[in-house]
Each structure stands twice: as C-alpha cells, then as structure tokens.
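Asks: Enclosed is the structure file work.cif (mmCIF, C-alpha atoms and all ligand atoms).
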```cif
data_upload
#
loop_
_atom_site.label_atom_id
_atom_site.label_comp_id
_atom_site.auth_asym_id
_atom_site.auth_seq_id
_atom_site.Cartn_x
_atom_site.Cartn_y
_atom_site.Cartn_z
CA MET A 136 80.41 95.85 108.84
CA THR A 137 83.31 93.38 108.89
CA ALA A 138 85.74 93.50 111.82
CA PRO A 139 89.25 94.69 110.96
CA LEU A 140 91.80 91.90 110.55
CA PRO A 141 94.08 91.49 113.58
CA LEU A 142 97.70 92.59 113.26
CA PRO A 143 99.78 89.70 111.91
CA LEU A 144 102.49 90.27 114.54
CA LEU A 145 102.46 92.11 117.83
CA LEU A 146 105.13 92.00 120.54
CA ASP A 147 104.04 93.69 123.74
CA GLY A 148 106.51 94.36 126.56
CA VAL A 149 108.58 91.28 125.77
CA THR A 150 111.44 90.47 128.14
CA LEU A 151 113.71 87.49 127.54
CA THR A 152 116.58 86.36 129.75
CA TYR A 153 119.10 83.55 129.38
CA PRO A 154 120.97 81.75 132.18
CA ASP A 155 124.37 83.42 132.65
CA GLY A 156 126.60 81.95 135.33
CA ASP A 157 124.83 82.45 138.66
CA GLY A 158 122.54 85.12 137.21
CA ARG A 159 120.51 85.91 134.09
CA LEU A 160 121.44 87.90 131.01
CA THR A 161 118.68 90.14 129.67
CA ALA A 162 118.60 89.65 125.88
CA LEU A 163 115.29 91.50 125.31
CA ASP A 164 114.19 94.25 127.64
CA GLU A 165 110.52 95.28 127.44
CA VAL A 166 110.43 95.13 123.64
CA SER A 167 107.21 96.19 121.90
CA LEU A 168 106.70 96.05 118.15
CA GLU A 169 103.70 96.08 115.82
CA VAL A 170 104.14 94.86 112.26
CA PRO A 171 101.21 95.54 109.91
CA ALA A 172 100.46 93.37 106.88
CA GLY A 173 102.31 94.30 103.71
CA THR A 174 105.12 96.16 105.47
CA LEU A 175 108.79 95.39 106.04
CA THR A 176 110.50 96.36 109.28
CA ALA A 177 114.29 96.10 109.32
CA CYS A 178 115.97 95.53 112.66
CA VAL A 179 119.58 96.65 112.92
CA GLY A 180 122.02 96.81 115.81
CA PRO A 181 125.42 95.64 116.97
CA SER A 182 126.37 92.02 117.58
CA GLY A 183 124.86 90.74 120.80
CA SER A 184 122.18 93.45 120.97
CA GLY A 185 119.33 90.92 120.77
CA LYS A 186 118.28 90.83 117.11
CA SER A 187 118.27 87.03 116.72
CA SER A 188 116.54 86.70 120.08
CA LEU A 189 113.83 89.03 118.82
CA LEU A 190 113.25 86.85 115.76
CA ALA A 191 113.26 83.64 117.83
CA VAL A 192 110.64 85.04 120.20
CA ALA A 193 108.52 86.38 117.32
CA ALA A 194 108.70 82.93 115.70
CA THR A 195 107.56 81.38 119.01
CA LEU A 196 110.71 79.26 118.99
CA ILE A 197 111.56 80.68 122.45
CA ALA A 198 108.98 81.77 125.03
CA PRO A 199 109.68 85.12 126.69
CA ASP A 200 109.94 85.51 130.48
CA ARG A 201 107.37 88.30 130.36
CA GLY A 202 105.22 90.07 127.79
CA ARG A 203 103.02 88.88 124.94
CA VAL A 204 103.70 87.57 121.45
CA VAL A 205 100.46 87.81 119.47
CA LEU A 206 100.27 86.12 116.04
CA ALA A 207 97.21 86.96 113.93
CA GLY A 208 95.30 87.88 117.08
CA ALA A 209 96.28 84.72 119.00
CA ASP A 210 98.17 85.28 122.25
CA THR A 211 100.80 82.55 121.85
CA GLY A 212 101.57 82.45 125.60
CA ALA A 213 98.06 81.11 126.20
CA LEU A 214 98.52 78.19 123.79
CA GLY A 215 99.88 74.72 124.46
CA ALA A 216 103.06 73.58 122.69
CA ALA A 217 101.19 71.66 119.97
CA GLU A 218 98.81 74.55 119.22
CA ARG A 219 101.74 76.96 119.14
CA ALA A 220 103.63 74.72 116.70
CA ALA A 221 100.56 74.46 114.46
CA LEU A 222 100.14 78.24 114.50
CA ARG A 223 103.83 78.67 113.67
CA ARG A 224 103.60 76.22 110.76
CA SER A 225 100.57 77.91 109.26
CA ARG A 226 101.35 81.58 110.00
CA VAL A 227 105.10 82.06 110.13
CA GLY A 228 107.74 81.75 107.43
CA ILE A 229 111.33 81.81 108.63
CA VAL A 230 114.36 82.54 106.47
CA PHE A 231 117.50 81.56 108.31
CA GLN A 232 120.88 83.00 107.46
CA GLN A 233 122.11 79.73 105.95
CA PRO A 234 119.69 78.32 103.37
CA ASN A 235 120.16 74.72 104.65
CA LEU A 236 118.68 73.29 101.48
CA LEU A 237 118.50 69.51 101.18
CA PRO A 238 121.34 68.52 98.79
CA SER A 239 119.43 65.80 96.91
CA LEU A 240 116.28 67.81 96.16
CA THR A 241 115.61 70.16 93.26
CA ALA A 242 114.66 73.77 93.91
CA ALA A 243 110.97 72.97 93.32
CA GLU A 244 111.11 69.95 95.62
CA GLN A 245 112.64 72.03 98.44
CA LEU A 246 109.39 74.04 98.38
CA GLN A 247 107.08 71.07 97.87
CA VAL A 248 108.42 69.43 101.03
CA MET A 249 107.03 72.34 103.05
CA ALA A 250 103.55 71.84 101.59
CA HIS A 251 103.80 68.10 102.20
CA LEU A 252 104.65 68.71 105.89
CA ALA A 253 101.63 70.99 106.16
CA GLY A 254 99.39 68.28 104.61
CA HIS A 255 98.61 70.08 101.32
CA ARG A 256 97.81 68.31 98.04
CA PRO A 257 100.89 67.46 95.90
CA GLY A 258 99.48 68.79 92.61
CA ALA A 259 98.60 72.20 94.03
CA ALA A 260 101.93 72.28 95.84
CA ARG A 261 103.87 71.73 92.61
CA ALA A 262 102.02 74.58 90.90
CA ARG A 263 102.57 76.93 93.85
CA ALA A 264 106.25 75.98 94.07
CA LEU A 265 106.77 76.83 90.40
CA ALA A 266 104.85 80.11 90.75
CA LEU A 267 106.95 81.12 93.76
CA LEU A 268 110.21 80.21 92.02
CA ASP A 269 109.04 82.39 89.15
CA ALA A 270 108.29 85.21 91.63
CA VAL A 271 111.84 85.06 92.99
CA GLY A 272 113.36 85.04 89.50
CA LEU A 273 114.18 81.33 89.32
CA ALA A 274 111.63 80.09 86.79
CA GLY A 275 114.38 78.43 84.77
CA GLN A 276 116.09 76.81 87.76
CA ALA A 277 113.24 74.74 89.24
CA SER A 278 114.95 71.43 88.39
CA ARG A 279 118.38 72.37 89.70
CA ARG A 280 119.83 70.99 92.89
CA PRO A 281 121.56 73.27 95.44
CA HIS A 282 125.09 72.59 94.13
CA GLN A 283 123.93 73.80 90.69
CA LEU A 284 122.79 77.17 92.09
CA SER A 285 124.78 80.27 93.07
CA GLY A 286 124.75 81.59 96.64
CA GLY A 287 122.26 84.30 95.70
CA GLN A 288 120.02 81.78 93.93
CA ARG A 289 120.11 79.46 96.96
CA GLN A 290 119.03 82.35 99.15
CA ARG A 291 116.12 83.02 96.75
CA VAL A 292 115.04 79.39 97.04
CA ASN A 293 115.29 79.80 100.82
CA ILE A 294 112.95 82.82 100.67
CA ALA A 295 110.50 81.10 98.32
CA ARG A 296 110.45 78.05 100.60
CA ALA A 297 109.53 80.21 103.61
CA LEU A 298 106.57 81.59 101.62
CA MET A 299 105.30 78.20 100.48
CA ASN A 300 102.52 77.88 103.05
CA SER A 301 101.33 81.50 102.63
CA PRO A 302 102.51 82.79 106.02
CA SER A 303 101.15 86.09 107.31
CA VAL A 304 104.45 86.76 109.11
CA LEU A 305 107.85 86.47 107.42
CA LEU A 306 110.94 86.53 109.65
CA VAL A 307 114.28 86.89 107.93
CA ASP A 308 117.69 86.59 109.60
CA GLU A 309 120.68 88.22 107.88
CA PRO A 310 119.73 87.18 104.33
CA THR A 311 122.52 89.12 102.66
CA SER A 312 125.51 88.33 104.87
CA ALA A 313 126.97 85.74 102.48
CA LEU A 314 126.31 87.85 99.36
CA ASP A 315 128.21 90.64 97.68
CA HIS A 316 126.70 94.13 97.71
CA GLU A 317 124.89 93.89 94.39
CA ARG A 318 123.28 90.53 95.18
CA GLY A 319 122.49 91.73 98.69
CA VAL A 320 120.60 94.73 97.28
CA ALA A 321 118.74 92.44 94.87
CA VAL A 322 117.63 90.12 97.70
CA LEU A 323 116.49 93.11 99.77
CA ASP A 324 114.52 94.48 96.81
CA LEU A 325 112.96 91.05 96.34
CA LEU A 326 111.88 90.91 99.99
CA VAL A 327 110.31 94.37 99.77
CA ARG A 328 108.42 93.40 96.61
CA LEU A 329 107.19 90.06 97.99
CA THR A 330 106.12 91.74 101.24
CA ARG A 331 103.93 94.17 99.27
CA GLU A 332 102.59 91.61 96.79
CA LEU A 333 101.83 88.86 99.28
CA GLY A 334 100.86 91.16 102.16
CA THR A 335 103.21 89.59 104.71
CA ALA A 336 104.26 91.32 107.92
CA THR A 337 108.00 91.03 107.41
CA VAL A 338 110.78 91.53 109.95
CA LEU A 339 114.31 91.48 108.64
CA VAL A 340 117.37 91.35 110.88
CA THR A 341 120.53 92.72 109.36
CA HIS A 342 123.95 94.04 110.30
CA ASP A 343 124.07 95.91 107.07
CA ALA A 344 122.23 99.23 107.28
CA GLY A 345 123.72 100.20 103.91
CA HIS A 346 120.89 99.12 101.63
CA LEU A 347 117.70 99.65 103.59
CA GLY A 348 116.48 102.51 101.43
CA ARG A 349 113.20 100.87 100.42
CA VAL A 350 111.99 99.29 103.67
CA ASP A 351 109.03 100.82 105.57
CA ARG A 352 110.66 101.12 108.93
CA VAL A 353 114.02 100.62 110.58
CA VAL A 354 114.25 99.85 114.28
CA GLU A 355 117.48 99.52 116.21
CA MET A 356 118.34 97.10 118.97
CA SER A 357 120.73 98.26 121.63
CA ASP A 358 121.45 96.14 124.72
CA GLY A 359 118.13 94.35 124.34
CA ARG A 360 116.08 97.53 123.97
CA LEU A 361 114.31 98.55 120.80
CA CYS A 362 114.50 102.14 119.57
CA PRO A 363 112.70 103.43 116.49
CA ALA A 364 115.33 104.64 114.04
CA PHE A 365 113.11 105.94 111.27
CA VAL A 366 109.66 105.39 109.89
CA ARG A 367 108.45 106.03 106.40
CA GLY A 368 105.34 105.41 104.36
CA PRO A 369 102.17 103.95 105.82
CA VAL A 370 103.66 102.50 109.03
CA ALA A 371 103.32 104.76 112.03
CA GLY A 372 104.50 104.47 115.63
N1 LIG B 401 121.17 80.49 124.09
C1 LIG B 401 121.75 81.51 124.75
N2 LIG B 401 122.18 81.36 126.03
C2 LIG B 401 122.76 82.37 126.70
N3 LIG B 401 122.94 83.62 126.18
C3 LIG B 401 122.54 83.81 124.90
C4 LIG B 401 121.93 82.78 124.13
N4 LIG B 401 121.63 83.28 122.90
C5 LIG B 401 122.05 84.56 122.91
N5 LIG B 401 122.59 84.88 124.12
C6 LIG B 401 123.09 86.21 124.51
O1 LIG B 401 122.00 87.12 124.39
C7 LIG B 401 122.44 88.37 123.87
C8 LIG B 401 121.68 88.68 122.59
O2 LIG B 401 122.10 87.71 121.61
P1 LIG B 401 121.49 87.69 120.11
O3 LIG B 401 122.05 86.50 119.44
O4 LIG B 401 120.03 87.85 120.20
O5 LIG B 401 122.14 89.04 119.53
P2 LIG B 401 122.28 89.50 118.00
O6 LIG B 401 122.03 90.98 118.00
O7 LIG B 401 121.46 88.65 117.13
O8 LIG B 401 123.82 89.21 117.71
P3 LIG B 401 124.52 88.87 116.28
O9 LIG B 401 124.31 90.09 115.43
O10 LIG B 401 125.97 88.69 116.67
O11 LIG B 401 123.88 87.63 115.75
C9 LIG B 401 123.96 88.24 123.70
O12 LIG B 401 124.57 88.79 124.86
C10 LIG B 401 124.17 86.75 123.60
O13 LIG B 401 125.46 86.42 124.09
#
```
Could you show the structure in this file as structure tokens?
Ligand SMILES: Nc1ncnc2c1ncn2[C@@H]1O[C@H](COP(=O)(O)OP(=O)(O)OP(=O)(O)O)[C@@H](O)[C@H]1O

Replies:
Amino acid sequence: MTAPLPLPLLLDGVTLTYPDGDGRLTALDEVSLEVPAGTLTACVGPSGSGKSSLLAVAATLIAPDRGRVVLAGADTGALGAAERAALRRSRVGIVFQQPNLLPSLTAAEQLQVMAHLAGHRPGAARARALALLDAVGLAGQASRRPHQLSGGQRQRVNIARALMNSPSVLLVDEPTSALDHERGVAVLDLLVRLTRELGTATVLVTHDAGHLGRVDRVVEMSDGRLCPAFVRGPVAG
C-alpha cells in the first residue's frame, strides 16, 4: 500500500509578531490552517487583520515566532535558509498584487525566466510556457510585451508565471483589486479552474468577498485570528 501524500500546506499554531515601538504587535495569533491539494481557500478580513502576513508566513518569506509551517510534509522551521529557499522555489508559486512583469520581455519569456532560474531545460520551458498561456486564455498573446496587454491580461500572465515550476502550493494576494468586477470574476474563475486541474493547494487573500461563490472554503482574519467563515465541497474542518 502506498503512503498517503502529505498535505501541501499546513500551518499549525502560527504566531507572528512585529516590533512596535517598545513592544510587539501580534499580526498572527495561533493561526492553524490545512489546505488540501486541488482546493482553493479564500482568506478575507479587514485591512490590518493579518492576511498578507499569513501569506508571507505560508510562503516562508517570514519565519513565525511560534508554530509550524509545513510544506509538502517538510517542517520549514527545521530547515536552513538555503534549504528553505530551495523548497520555496520548487513548491510555492506566489502571485503578488502587482504583476511586476519585466517590461522588455514577452509574455512567454516572463514564464521562461522562472524555469531558467530553477535550472530547467529551455526547450521544455518554452513548451510549458505556451501551454500555460493557453490555459489562462492568452494563447494569442505569447509574443506581446506587458505594455501591449490589458490589466486583466497582465494578471493572467502573473498567474501563469507563478505556475511555471509546477508548485504544489499557490499563494495569491489580492489578484482582482486593480480589475473591474467582470474581469475580477473571470480571474477568480480561472484560479478555481487551475486549482482543480493542476491540483494546487491555493490560498487567495482578498478584500472582496463579493465573488467567492465557487471557492471551496472561506476563512476570515480578524485581529490576527483565523475564523472559519464557511466550508463547502470536499474540504472539511
Ligand atoms: N513589516 C511590518 N512591521 C510592523 N508591523 C507590520 C508589518 N507588516 C504588517 N504590520 C502590521 O501587522 C498587522 C497585519 O498586517 P497585514 O499587512 O498582514 O494585514 P492585511 O490584513 O494584509 O492588511 P491589508 O488588507 O491592508 O493589506 C497590521 O497591524 C500591520 O500594521
């Protein structure tokens, strides 16, 4: 019998504080979260409640004061900085709010750079880049540079780029904030579809609870604490 695959992402009792004058500000307070493969968890909550901090800790960009961040079964607190960076590069895709695409590169090249950094072969990288651009609805735009793309198209390139190295965890920060409602819904739908098709454990931070109808689970941050808001489908607890 084969052993079950470890959860792609597990946060267990994570507390994070920042320096604040003479004291410390608690940004995350005993946060626990399990994200199974192929599911999308949306994290909502007011400004300053800790959503971005949650993503930064899950991405291992910031180490928590207490608690565990476990990526694909590896307790990241037990790793050295170089091992943690390697794990992040191979396991985690991050979609930041601003696409930050390189102005001189085409859409396909934005993706190929990621494969190059990870040491993958150029030929295979080109084919994967084109397939991913197709998957995000940009098959015809592979040769365009960022200034030749709309805001929604740039955000799609941003998402495809994060998926380039086949991450098991996809972390997405406010992907729709610069888009109108219709394009925001389309990007959300795209993330749900890619999560299912590629089997990523996806966490999406958003202010906008208006179009979360198709996600698996919504959790709410409030003063650094995480409360389940609703659960649907196969995700439990
Ligand atoms: N680098 C930092 N140093 C000190 N305090 C910080 C730092 N980053 C965030 N904070 C504080 O931690 C708390 C949580 O911030 P965080 O950015 O995680 O919230 P958020 O829910 O993402 O907010 P927003 O929706 O406005 O982006 C806030 O009180 C914020 O002021």

Asks: Go through chain A and flag each residue having an atom no more than 9 Å from ligand LIG 401 (chain B); for those, report the closest pair of atoms plus their distance in Å to one decimal, using all atoms listed in the file, ordered by chain and rising number, as a Markdown table.

Replies:
```
| residue | atom | partner | partner_atom | distance |
| --- | --- | --- | --- | --- |
| A:Leu151 | CA | B:LIG401 | O1 | 8.9 |
| A:Thr152 | CA | B:LIG401 | O1 | 7.7 |
| A:Tyr153 | CA | B:LIG401 | C2 | 4.7 |
| A:Pro154 | CA | B:LIG401 | C2 | 5.8 |
| A:Asp155 | CA | B:LIG401 | C2 | 6.3 |
| A:Arg159 | CA | B:LIG401 | C2 | 8.5 |
| A:Leu160 | CA | B:LIG401 | N3 | 6.6 |
| A:Thr161 | CA | B:LIG401 | O1 | 6.9 |
| A:Ala162 | CA | B:LIG401 | O1 | 4.5 |
| A:Leu163 | CA | B:LIG401 | C8 | 7.5 |
| A:Val179 | CA | B:LIG401 | O6 | 8.0 |
| A:Gly180 | CA | B:LIG401 | O6 | 6.2 |
| A:Pro181 | CA | B:LIG401 | O6 | 5.9 |
| A:Ser182 | CA | B:LIG401 | O10 | 3.5 |
| A:Gly183 | CA | B:LIG401 | O5 | 3.4 |
| A:Ser184 | CA | B:LIG401 | O6 | 3.9 |
| A:Gly185 | CA | B:LIG401 | O4 | 3.2 |
| A:Lys186 | CA | B:LIG401 | O7 | 3.9 |
| A:Ser187 | CA | B:LIG401 | O7 | 3.6 |
| A:Ser188 | CA | B:LIG401 | O4 | 3.7 |
| A:Leu189 | CA | B:LIG401 | O4 | 6.5 |
| A:Leu190 | CA | B:LIG401 | O4 | 8.2 |
| A:Ala191 | CA | B:LIG401 | O4 | 8.3 |
| A:Asp308 | CA | B:LIG401 | O7 | 8.7 |
| A:Glu309 | CA | B:LIG401 | O11 | 8.5 |
| A:Val340 | CA | B:LIG401 | O7 | 7.9 |
| A:Thr341 | CA | B:LIG401 | O9 | 7.6 |
| A:His342 | CA | B:LIG401 | O9 | 6.5 |
| A:Met356 | CA | B:LIG401 | O6 | 7.2 |
| A:Ser357 | CA | B:LIG401 | O6 | 8.2 |
| A:Asp358 | CA | B:LIG401 | C8 | 7.8 |
| A:Gly359 | CA | B:LIG401 | C8 | 6.9 |
```

Asks: Just the selected residues (C-alpha atoms), exported as a PDB file, in the frame of the given file, please.

Replies:
```pdb
ATOM      1  CA  LEU A 151     113.710  87.490 127.540  1.00  0.00           C
ATOM      2  CA  THR A 152     116.580  86.360 129.750  1.00  0.00           C
ATOM      3  CA  TYR A 153     119.100  83.550 129.380  1.00  0.00           C
ATOM      4  CA  PRO A 154     120.970  81.750 132.180  1.00  0.00           C
ATOM      5  CA  ASP A 155     124.370  83.420 132.650  1.00  0.00           C
ATOM      6  CA  ARG A 159     120.510  85.910 134.090  1.00  0.00           C
ATOM      7  CA  LEU A 160     121.440  87.900 131.010  1.00  0.00           C
ATOM      8  CA  THR A 161     118.680  90.140 129.670  1.00  0.00           C
ATOM      9  CA  ALA A 162     118.600  89.650 125.880  1.00  0.00           C
ATOM     10  CA  LEU A 163     115.290  91.500 125.310  1.00  0.00           C
ATOM     11  CA  VAL A 179     119.580  96.650 112.920  1.00  0.00           C
ATOM     12  CA  GLY A 180     122.020  96.810 115.810  1.00  0.00           C
ATOM     13  CA  PRO A 181     125.420  95.640 116.970  1.00  0.00           C
ATOM     14  CA  SER A 182     126.370  92.020 117.580  1.00  0.00           C
ATOM     15  CA  GLY A 183     124.860  90.740 120.800  1.00  0.00           C
ATOM     16  CA  SER A 184     122.180  93.450 120.970  1.00  0.00           C
ATOM     17  CA  GLY A 185     119.330  90.920 120.770  1.00  0.00           C
ATOM     18  CA  LYS A 186     118.280  90.830 117.110  1.00  0.00           C
ATOM     19  CA  SER A 187     118.270  87.030 116.720  1.00  0.00           C
ATOM     20  CA  SER A 188     116.540  86.700 120.080  1.00  0.00           C
ATOM     21  CA  LEU A 189     113.830  89.030 118.820  1.00  0.00           C
ATOM     22  CA  LEU A 190     113.250  86.850 115.760  1.00  0.00           C
ATOM     23  CA  ALA A 191     113.260  83.640 117.830  1.00  0.00           C
ATOM     24  CA  ASP A 308     117.690  86.590 109.600  1.00  0.00           C
ATOM     25  CA  GLU A 309     120.680  88.220 107.880  1.00  0.00           C
ATOM     26  CA  VAL A 340     117.370  91.350 110.880  1.00  0.00           C
ATOM     27  CA  THR A 341     120.530  92.720 109.360  1.00  0.00           C
ATOM     28  CA  HIS A 342     123.950  94.040 110.300  1.00  0.00           C
ATOM     29  CA  MET A 356     118.340  97.100 118.970  1.00  0.00           C
ATOM     30  CA  SER A 357     120.730  98.260 121.630  1.00  0.00           C
ATOM     31  CA  ASP A 358     121.450  96.140 124.720  1.00  0.00           C
ATOM     32  CA  GLY A 359     118.130  94.350 124.340  1.00  0.00           C
TER      33      GLY A 359
END
```

Asks: Report, in Å with one decimal, the straight-line distance from CA of Arg349 (chain A) to CA of Pro141 (chain A).

Replies: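 It comes out at 25.0 Å.
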
Asks: Skip region 209-226 of chain A itself and residues of its chain fewer than 2 positions away, then list as a ChimeraX atom specification all residues within 10 Å of it, counting only C-alpha atoms.

Replies: /A:141-146,193-196,198-199,201-207,228-229,249,252-253,298-305,335

Asks: Store the residues picked out above in a file with C-alpha atoms, as an mmCIF file, in the frame of the given file.

Replies:
```cif
data_model
loop_
_atom_site.group_PDB
_atom_site.id
_atom_site.type_symbol
_atom_site.label_atom_id
_atom_site.label_comp_id
_atom_site.auth_asym_id
_atom_site.auth_seq_id
_atom_site.Cartn_x
_atom_site.Cartn_y
_atom_site.Cartn_z
ATOM 1 C CA PRO A 141 94.080 91.490 113.580
ATOM 2 C CA LEU A 142 97.700 92.590 113.260
ATOM 3 C CA PRO A 143 99.780 89.700 111.910
ATOM 4 C CA LEU A 144 102.490 90.270 114.540
ATOM 5 C CA LEU A 145 102.460 92.110 117.830
ATOM 6 C CA LEU A 146 105.130 92.000 120.540
ATOM 7 C CA ALA A 193 108.520 86.380 117.320
ATOM 8 C CA ALA A 194 108.700 82.930 115.700
ATOM 9 C CA THR A 195 107.560 81.380 119.010
ATOM 10 C CA LEU A 196 110.710 79.260 118.990
ATOM 11 C CA ALA A 198 108.980 81.770 125.030
ATOM 12 C CA PRO A 199 109.680 85.120 126.690
ATOM 13 C CA ARG A 201 107.370 88.300 130.360
ATOM 14 C CA GLY A 202 105.220 90.070 127.790
ATOM 15 C CA ARG A 203 103.020 88.880 124.940
ATOM 16 C CA VAL A 204 103.700 87.570 121.450
ATOM 17 C CA VAL A 205 100.460 87.810 119.470
ATOM 18 C CA LEU A 206 100.270 86.120 116.040
ATOM 19 C CA ALA A 207 97.210 86.960 113.930
ATOM 20 C CA GLY A 228 107.740 81.750 107.430
ATOM 21 C CA ILE A 229 111.330 81.810 108.630
ATOM 22 C CA MET A 249 107.030 72.340 103.050
ATOM 23 C CA LEU A 252 104.650 68.710 105.890
ATOM 24 C CA ALA A 253 101.630 70.990 106.160
ATOM 25 C CA LEU A 298 106.570 81.590 101.620
ATOM 26 C CA MET A 299 105.300 78.200 100.480
ATOM 27 C CA ASN A 300 102.520 77.880 103.050
ATOM 28 C CA SER A 301 101.330 81.500 102.630
ATOM 29 C CA PRO A 302 102.510 82.790 106.020
ATOM 30 C CA SER A 303 101.150 86.090 107.310
ATOM 31 C CA VAL A 304 104.450 86.760 109.110
ATOM 32 C CA LEU A 305 107.850 86.470 107.420
ATOM 33 C CA THR A 335 103.210 89.590 104.710
#
```

Asks: In the coordinate frame of the file, compute which residues have an atom within 12 Å of (116.7, 67.5, 95.4) when using all atoms listed in the file, and state them as number ranges by chain.

Replies: A: 236-248, 277-284

Asks: Using all atoms listed in the file, find the one residue out of A:Asp324, A:Glu332, A:Asp343, A:Asp147 that sits nearest to Glu165 (chain A).

Replies: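 So, comparing all the options, the nearest one is A:Asp147.
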
Asks: From the options A:Arg360, A:Arg328, A:His255, A:Arg291, which residue's atoms come nearest to Ser167 (chain A), counting only C-alpha atoms?

Replies: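 Smallest distance to Ser167 (chain A) is found for A:Arg360.
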
Asks: Name the closest residue to Glu317 (chain A) among the candidates A:Gly287, A:Leu333, A:Asn293, A:Gln276; distances are taken between atoms, counting all atoms listed in the file.

Replies: A:Gly287

Asks: Any idea what the distance is between CA of Val166 (chain A) and CA of Leu361 (chain A)?

Replies: 5.9 Å

Asks: In terms of the shortest atom-to-atom distance over all atoms listed in the file, which of A:Gly286, A:Pro363, A:Pro310, A:Gly334 is closest to Val322 (chain A)?

Replies: A:Pro310

Asks: Using CA of Val170 (chain A) and CA of Val292 (chain A) as the two end points, give the distance in Å to one decimal.

Replies: 24.3 Å

Asks: Let me make sure I understand: among A:Gln233, A:Gln288, A:Thr150, A:Thr337, which one has the smallest atom-to-atom distance to Thr176 (chain A) if we use only C-alpha atoms?

Replies: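 Answer, going by the shortest atom-to-atom distance: A:Thr337.
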
Asks: Generate the coordinates of N, CA and C atoms for region 202-219 of chain A; report them as an mmCIF file, in the frame of the given file.

Replies:
```cif
data_model
loop_
_atom_site.group_PDB
_atom_site.id
_atom_site.type_symbol
_atom_site.label_atom_id
_atom_site.label_comp_id
_atom_site.auth_asym_id
_atom_site.auth_seq_id
_atom_site.Cartn_x
_atom_site.Cartn_y
_atom_site.Cartn_z
ATOM 1 N N GLY A 202 105.711 89.394 128.986
ATOM 2 C CA GLY A 202 105.220 90.070 127.790
ATOM 3 C C GLY A 202 104.481 89.101 126.875
ATOM 4 N N ARG A 203 103.872 89.671 125.834
ATOM 5 C CA ARG A 203 103.020 88.880 124.940
ATOM 6 C C ARG A 203 103.556 88.864 123.518
ATOM 7 N N VAL A 204 103.455 87.691 122.888
ATOM 8 C CA VAL A 204 103.700 87.570 121.450
ATOM 9 C C VAL A 204 102.367 87.159 120.844
ATOM 10 N N VAL A 205 101.795 88.052 120.025
ATOM 11 C CA VAL A 205 100.460 87.810 119.470
ATOM 12 C C VAL A 205 100.593 87.623 117.956
ATOM 13 N N LEU A 206 100.211 86.431 117.479
ATOM 14 C CA LEU A 206 100.270 86.120 116.040
ATOM 15 C C LEU A 206 98.844 86.071 115.510
ATOM 16 N N ALA A 207 98.548 86.926 114.548
ATOM 17 C CA ALA A 207 97.210 86.960 113.930
ATOM 18 C C ALA A 207 96.107 86.961 114.993
ATOM 19 N N GLY A 208 96.318 87.744 116.037
ATOM 20 C CA GLY A 208 95.300 87.880 117.080
ATOM 21 C C GLY A 208 95.353 86.827 118.166
ATOM 22 N N ALA A 209 96.203 85.799 117.996
ATOM 23 C CA ALA A 209 96.280 84.720 119.000
ATOM 24 C C ALA A 209 97.441 84.983 119.946
ATOM 25 N N ASP A 210 97.129 85.086 121.237
ATOM 26 C CA ASP A 210 98.170 85.280 122.250
ATOM 27 C C ASP A 210 98.894 83.941 122.434
ATOM 28 N N THR A 211 100.122 83.854 121.922
ATOM 29 C CA THR A 211 100.800 82.550 121.850
ATOM 30 C C THR A 211 101.154 82.009 123.245
ATOM 31 N N GLY A 212 101.255 82.899 124.233
ATOM 32 C CA GLY A 212 101.570 82.450 125.600
ATOM 33 C C GLY A 212 100.425 81.645 126.201
ATOM 34 N N ALA A 213 99.230 81.819 125.654
ATOM 35 C CA ALA A 213 98.060 81.110 126.200
ATOM 36 C C ALA A 213 97.855 79.758 125.528
ATOM 37 N N LEU A 214 98.705 79.444 124.543
ATOM 38 C CA LEU A 214 98.520 78.190 123.790
ATOM 39 C C LEU A 214 99.421 77.087 124.343
ATOM 40 N N GLY A 215 99.016 75.849 124.150
ATOM 41 C CA GLY A 215 99.880 74.720 124.460
ATOM 42 C C GLY A 215 100.931 74.567 123.369
ATOM 43 N N ALA A 216 101.938 73.720 123.631
ATOM 44 C CA ALA A 216 103.060 73.580 122.690
ATOM 45 C C ALA A 216 102.584 73.126 121.311
ATOM 46 N N ALA A 217 101.640 72.191 121.262
ATOM 47 C CA ALA A 217 101.190 71.660 119.970
ATOM 48 C C ALA A 217 100.418 72.724 119.185
ATOM 49 N N GLU A 218 99.577 73.477 119.900
ATOM 50 C CA GLU A 218 98.810 74.550 119.220
ATOM 51 C C GLU A 218 99.762 75.629 118.708
ATOM 52 N N ARG A 219 100.771 75.932 119.532
ATOM 53 C CA ARG A 219 101.740 76.960 119.140
ATOM 54 C C ARG A 219 102.503 76.497 117.893
#
```
